[in-house]
Every structure is written in structure tokens, then in C-alpha cells.
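To start, the structure itself, in C-alpha cells.
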Amino acid sequence: MIPDLKWLDDPEVFRVNQRPAHSDHYFYKNSAELATGQSSYVQSLNGPWQFRYSATPQERPLDFYREDFDARDFDMIKVPGHIELAGYGQIQYINTLYPWEGKTFRRAPYTLSDQLTPGIFSAAADNSVGSYLKEFDLSPEFIGKRTIIQFQGVEEACYVWLNGHFIGYAEDSFTPSEFDLTPYIRSGRNRLAVRVYKYSTAAFIEDQDMFRFSGIFRDVNLLALPAVHVDDLKMTPSVDPDFKSGRFELQLKLSGAALPTAQLKLALFDQNNQLLAQQTQTAAEKVTFEPIDFPKVTLWQPEDPYLYHLQLEVRDQTGQLLEVIPYDFGFRRVELRADKVIYVNDQRLIINGVNRHEWSAETGRAITLAEMKADIATMKANNINADRTCHYPDQIPWYYLCDQAGIYLMAETNLESHGSWQKMGAIEPSVNVPGSNPHWLAVVLDRARSNYETFKNHTAIIFWSLGNESFAGEDIAAMNQFFKDSDPTRLTHYEGVVHAPELKARISDVESRMYERPANIAAYLEDEPAKPFILCEYMHDMGNSLGGLKSYIDLLDRYDMYQGGFIWDFIDQALFVVDPLTQQKVLRYGGDFDERHADYEFSGDGLLFADRQPKPALQEVKYYYGLHK
């Protein structure tokens with residue numbers, strides 16, 4: 001296949017040669033690797049890469065992916081990381097508008113007319129390009145095995161080559177993209193080339209309130225797949241209506257040349273590593289284990305996030321171990337009952353939540369595991385029991401940490417098209433996407449599918465969120481239906497349907513609003529409402545804010561159908577820079593980087609400063625959230 005720059009201009013081209021989305025499970029060669037958490041089936045490509053920055057697509061080095069290309073004059077860049085934080089291009093913070101507004105006229109394809117707009121990004125003067133090169137020696141463990149490359153996050157559109165051969169194309173900045181390298185990878189030296197474009201049509205649906213960056217900003221790994229590999233696993237731990245017993249079900253998808261002769265072994269353990277059940281099955285492309293009944297279950301809940309342990313073993317016909325897969329899971333039951341109240345484990349759900357952007361004052365959205373663990377500790381110490389992953393899927397480890405810590409998750413799909421329907425504060429949706437536009441349906445369904453397939457096994461997730469501030473239409477209704485068809489164990493959430501009341505019966509299990517006044521919430525709840533009420537954003541902790549939290553907390557005692565909300569937001573978006581006068585490191589916010597337009601200090605609305613130091617308002621949160629733990 002020959003890559004085409006015009007893919008950047010077409011919303012119906014968003015993945016080329018990508019592997020299907022699948023569960024986020026880890027896999028190891030043997031139990032010794034499992035014990036250390038280091039898999040020989042994973043080879044990291046993080047670290048220094050060769051790099052060339054181009055201001056426009058026309059200035060990119062055309063043949064840089066060729067094996068004989070001379071890249072000695074390329075710079076070096078760290079992966080993972082943002083191109084703009086490496087000293088290239090323009091750092092820019094904006095909230096609602098698209099980053100090109102006021103400079104370049106653009107409307108999404110198929111909105112002003114039912115056709116594409118040639119060159120809207122492929123020939124754009126503001127579409128910067130990062131050309132990355134990485135030479136690596138293939139690990140000996142990989143020789144003779146299928147080899148996959150996994151990009152956990154690339155913003156915003158990327159083309160991939162290996163040893164001069166085109167491999168594939170990906171959009172969706174915040175979900176993993178995987179490609180099969182097997183036909184072209186070799187023992188010894190390999191040359192990987194990745195071209196990253198700051199803008200594609202994905203920019204119209206990735207208009208989140210954040211600093212605008214580009215580049216390979218999450219981990220890059222090679223994965224070696226053994227002769228038989230579990231591609232996907234789906235666990236369904238269910239709780240019976242008595243809330244004392246339950247059932248565990250497991251479905252697998254497998255691949256590999258030795259598939260017909262391989263054997264599978266399932267073992268389930270409690271939190272004390274006591275064996276509870278085991279089964280064996282013959283491998284096949286699809287395997288369903290016999291359901292396992294649990295006469296007595298310990299329920300997963302925020303104050304006691306009890307997790308059971310699944311361990312899968314795959315062996316060949318000689319009994320040789322091919323791979324070991326661990327996964328921790330919990331039993332919990334989420335219900336929206338006839339009284340229009342949400343219950344988790346027979347207890348009314350109360351959300352003491354926050355919205356959390358991934359953020360580091362040093363590295364932007366390229367955050368570390370240590371920073372994630374620090375965020376979990378802060379939440380637990382301040383009675384925060386829920387996180388909305390605003391406004392995209394987070395790094396994979398975050399979901400595991402929330403399972404372990406007992407943090408409820410509203411798992412948001414990577415979708416926001418704010419600039420297509422709200423302009424200078426006015427609502428004007430004539431060119432909104434995705435809306436009910438058939439040309440934008442496939443891409444948003446794909447994003448919903450990627451979100452679900454990747455994270456479906458995480459106990460902490462109780463809501464699938466369809467995205468943020470993208471108005472409403474038939475395409476979002478189709479996303480809602482996808483989640484309903486795929487997962488009856490969780491609820492769906494979407495705030496933007498408030499703009500299209502005629503779709504409320506088909507979008508979102510909850511009435512979700514932003515920054516609604518307590519009196520208006522009370523009026524809704526006293527008017528025979530159809531759905532329970534959640535504030536997906538409220539308080540907006542900017543400056544000396546959060547003084548009105550009590551008015552919202554008081555509603556919890558007055559109305560069972562009021563189920564709490566998520567404070568905007570958890571941490572300031574600000575960056576450390578060295579002040580030229582004092583030579584001291586200082587935090588700089590939107591507008592401090594000579595970017596225009598900007599939304600200025602609006603990036604500083606967290607409960608924590610960007611260096612993770614708590615603001616005084618966090619004391620208010622700890623007190624009032626502590627009243628309904």
C-alpha cells in the first residue's frame with residue numbers, strides 16, 4: 001500500500017492496517033517474569049530518537065523513511081514527549097475555539113457541503129510535521145515470533161514505516177495504535193520511521209480544553225507474540241441480586257500457528273492467593289470457559305477495593321509454557337433502578353468526584369507512573385472517590401491503579417468538537433460534527449469501540465462517557481447504542497444531549513449538566529424527572545473558588561436522585577520555565593508563551609497547582625466530601 005497525504009483531509013480515513021482494539025492485559029513468558037513485572041515479550045523503544053521538525057507538510061523530508069536516507073543532520077528528541085516542549089513550534093493553550101481560529105478559515109469536511117475540502121490539512125501552512133527515526137536491534141527473544149509495534153499515544157496523526165516499507169496510519173491521539181511488523185522486521189538492525197502531523201480531520205473532534213501539543217507522547221513498545229497468543233480477554237464478574245454470591249465468566253480470542261494443539265489453563269485466586277477454581281480448555285480462535293459460581297463473594301467498593309486474581313497459562317502440545325497472563329478483578333453491581341437512583345452494591349451511589357487531565361509541570365501530558373500514584377494518594381487522602389478521565393482515555397496504568405485504590409471511573413471517549421458549535425460563547429451548531437453526519441459516524445464509533453475494548457475489564461469503570469461538549473445528534477446516539485449493546489453491566493453518560501432534548505431517551509442514562517445552580521438542580525429533581533442527576537463539571541476551582549461547595553453537598557441529603565458530581569478540575573495546567581531575570585523555575589500558564597489566541601490563566605483551575613502542591617481549596621473538598629464517604 002502507498003501512503004496518501006490526502007488521508008489527513010478525510011474524516012472517513014482514520015486507521016489503515018491497524019490491529020483491532022483489544023483488552024489491555026499484560027503477558028509474560030513465565031512465572032518468574034510475572035513475579036518481577038518485566039516481560040521479555042516487550043522491548044521498549046523509548047529514549048532518544050532522531051528528529052526533524054518541519055513547519056509545513058511541503059517542507060517535510062520526503063524520503064526520510066528509506067533505509068539509505070542520510071539523517072546525520074537530524075536533531076535528537078526524547079520519546080515519549082511533546083514536540084513543542086522540545087523547543088519546536090508554538091506552545092498554545094486554548095479552551096473552546098480551534099487553534100487556527102482568527103488565522104485560517106476552516107470548517108469540517110461534509111458540513112458546508114457534502115464533499116471533502118482538498119488540502120484542508122495536507123497543504124496547510126499551519127500543519128507542522130515531526131519526522132522521527134529510530135534504529136534498533138531486535139531482542140533475541142523476538143526472533144521467529146510475530147512482532148507488533150504499539151504506540152500508546154501519538155498526537156495527532158501518524159504514518160509508520162519499517163525498513164523502507166509502509167506499515168500503516170493512525171489517528172485518535174489517546175488510545176493505543178498497533179501494527180504488525182512481522183513481514184518486514186529482521187534480526188539485527190532495523191530502521192523505524194514515524195511521521196507525525198499536528199493536524200488532520202481528527203483535530204475537529206479533539207478540541208479539548210488543554211494545551212495543544214503534538215508528537216509521540218506516550219510509550220512505544222515492540223511486542224513479541226508467542227506461537228499461541230491471547231489477543232483479547234473479556235471477563236464478566238457478576239453479582240447476584242442477594243449481593244452475597246456471584247459468577248465469573250471468561251471469553252478469549254487467540255491467534256497463532258500452533259493454535260489447534262495448544263492448551264489453556266485458568267486459575268482464580270482470592271486476595272490472599274488462595275486457589276478458588278481452575279479449568280482447562282483446548283485452544284481455538286474463540287474460547288468460552290464454563291461459568292464459575294462463587295457462593296460467597298467479597299464486593300469491590302471504594303472503602304475496600306477487594307480484588308480477585310485471574311491467571312491464564314497457554315501451553316503447547318508438549319506442555320511447554322508459552323505465555324502467562326494475570327488480571328485482577330472485582331465483583332460489583334451497578335444498577336439504575338425503577339426509583340431512578342443509581343446503586344453500586346445495593347448502596348446509593350454518591351460521587352465525590354474530580355475531572356483529571358493528565359498533567360506534569362515538567363513534561364505536559366507525558367506523565368510518569370510516579371505522578372499517577374501521587375494523584376491516587378491525593379484523592380484518597382481528600383475523600384475523592386471518583387474520576388472522570390477528561391476528556392480522553394488515560395494511560396493504561398491509571399485504570400489498574402483505580403481498580404486497586406477503589407476510585408470510581410467515568411471512562412471518557414476521546415471526543416470533543418467544542419469549536420464546531422460554540423463560537424464566542426454563542427451556540428450555533430450548523431457546522432457541528434459529528435452531529436448526524438454520516439461521514440463522521442464511523443470515526444466516532446471507532447473511538448467508542450477502542451475505549452470499550454481496551455478498558456472493558458476494569459472494575460473501577462462504572463460509566464462509559466461518550467465524550468465531552470460535542471453537541472448531540474444521531475452519531476452520538478449510535479455511540480450510546482454501541483456501549484449498550486456491548487456492555488449491559490455499566491451505565492452511559494453524555495452531557496451534551498442537554499442541547500437536543502429530543503434525543504434524551506436515546507443518549508445517556510443520567511441527566512448530566514455543567515455548572516448548574518443548586519436551585520435549578522432542585523427544580524429539576526422536584527419535577528418528576530426521567531433520570532438521576534449528575535454534575536459532570538462543577539465548582540471550577542480557579543483562583544479563590546470553591547466557596548459554594550456546601551450548597552451542592554446539601555442536595556445529597558434532600559434528593560436521592562442527586563448523585564453528586566465531578567469538580568473541574570484536579571490539577572492546574574501550567575509549565576515550569578526558567579525566569580530570565582531571576583533564573584528561578586516558575587510556573588507559566590496559558591498566554592505566557594506569546595501564543596495568540598489563548599485562553600490565558602483559564603488553564604489554572606485545579607485543586608492542585610501544576611507541581612502537585614495542594615491549593616487551600618482542597619481543604620474544603622476534604623471536609624465536604626468527607627460528609628458522604
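Chain labels A, B, ... are given in the sequence in which chains occur in the C-alpha cells; within each chain residues are numbered consecutively from 1, and ligands are likewise numbered from 1 in the order shown.
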To test your reading of the structure, identify every residue in region 120-234 of chain A that backbone DSSP assigns to helix (DSSP H, G or I), and report it as a PyMOL selection string. chain A and resi 140-142+201-205
Test item, strand (DSSP E) assignment across region 246-276 of chain A, answer as a PyMOL selection string: chain A and resi 246-255+263-269+275-276
With only C-alpha atoms as the counted atoms, please give the residues lying no more than 7 Å from Ile351 (chain A), apart from itself and same-chain residues fewer than 5 positions off, as a ChimeraX atom specification. /A:385-386,563-565
How would the residues just picked look written out with N, CA and C atoms as a compact mmCIF listing (two decimals), in the first residue's frame?
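File written: selection_19.txt
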# COMPACT_ATOMS: atom_id res chain seq x y z
N ASN A 385 -13.60 10.10 45.61
CA ASN A 385 -13.84 8.69 45.30
C ASN A 385 -14.09 8.41 43.83
N ALA A 386 -14.00 9.43 42.97
CA ALA A 386 -14.35 9.23 41.56
C ALA A 386 -13.56 10.17 40.67
N GLN A 563 -26.86 12.65 42.60
CA GLN A 563 -25.84 11.64 42.90
C GLN A 563 -24.42 12.21 42.91
N GLY A 564 -24.33 13.54 43.05
CA GLY A 564 -23.02 14.15 43.20
C GLY A 564 -22.44 14.64 41.89
N GLY A 565 -21.13 14.85 41.88
CA GLY A 565 -20.53 15.40 40.68
C GLY A 565 -19.02 15.39 40.71
Near region 339-348 of chain A, within 9 Å and counting only C-alpha atoms, which residues show up once chain neighbours fewer than 6 positions away are dropped, as an NGL selection string? :A and (239 or 241 or 243 or 299-301 or 331-333 or 462 or 529-533 or 560-563)
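As for CA of Ser420 (chain A) and CA of Ser465 (chain A), they are spaced 19.8 Å apart.
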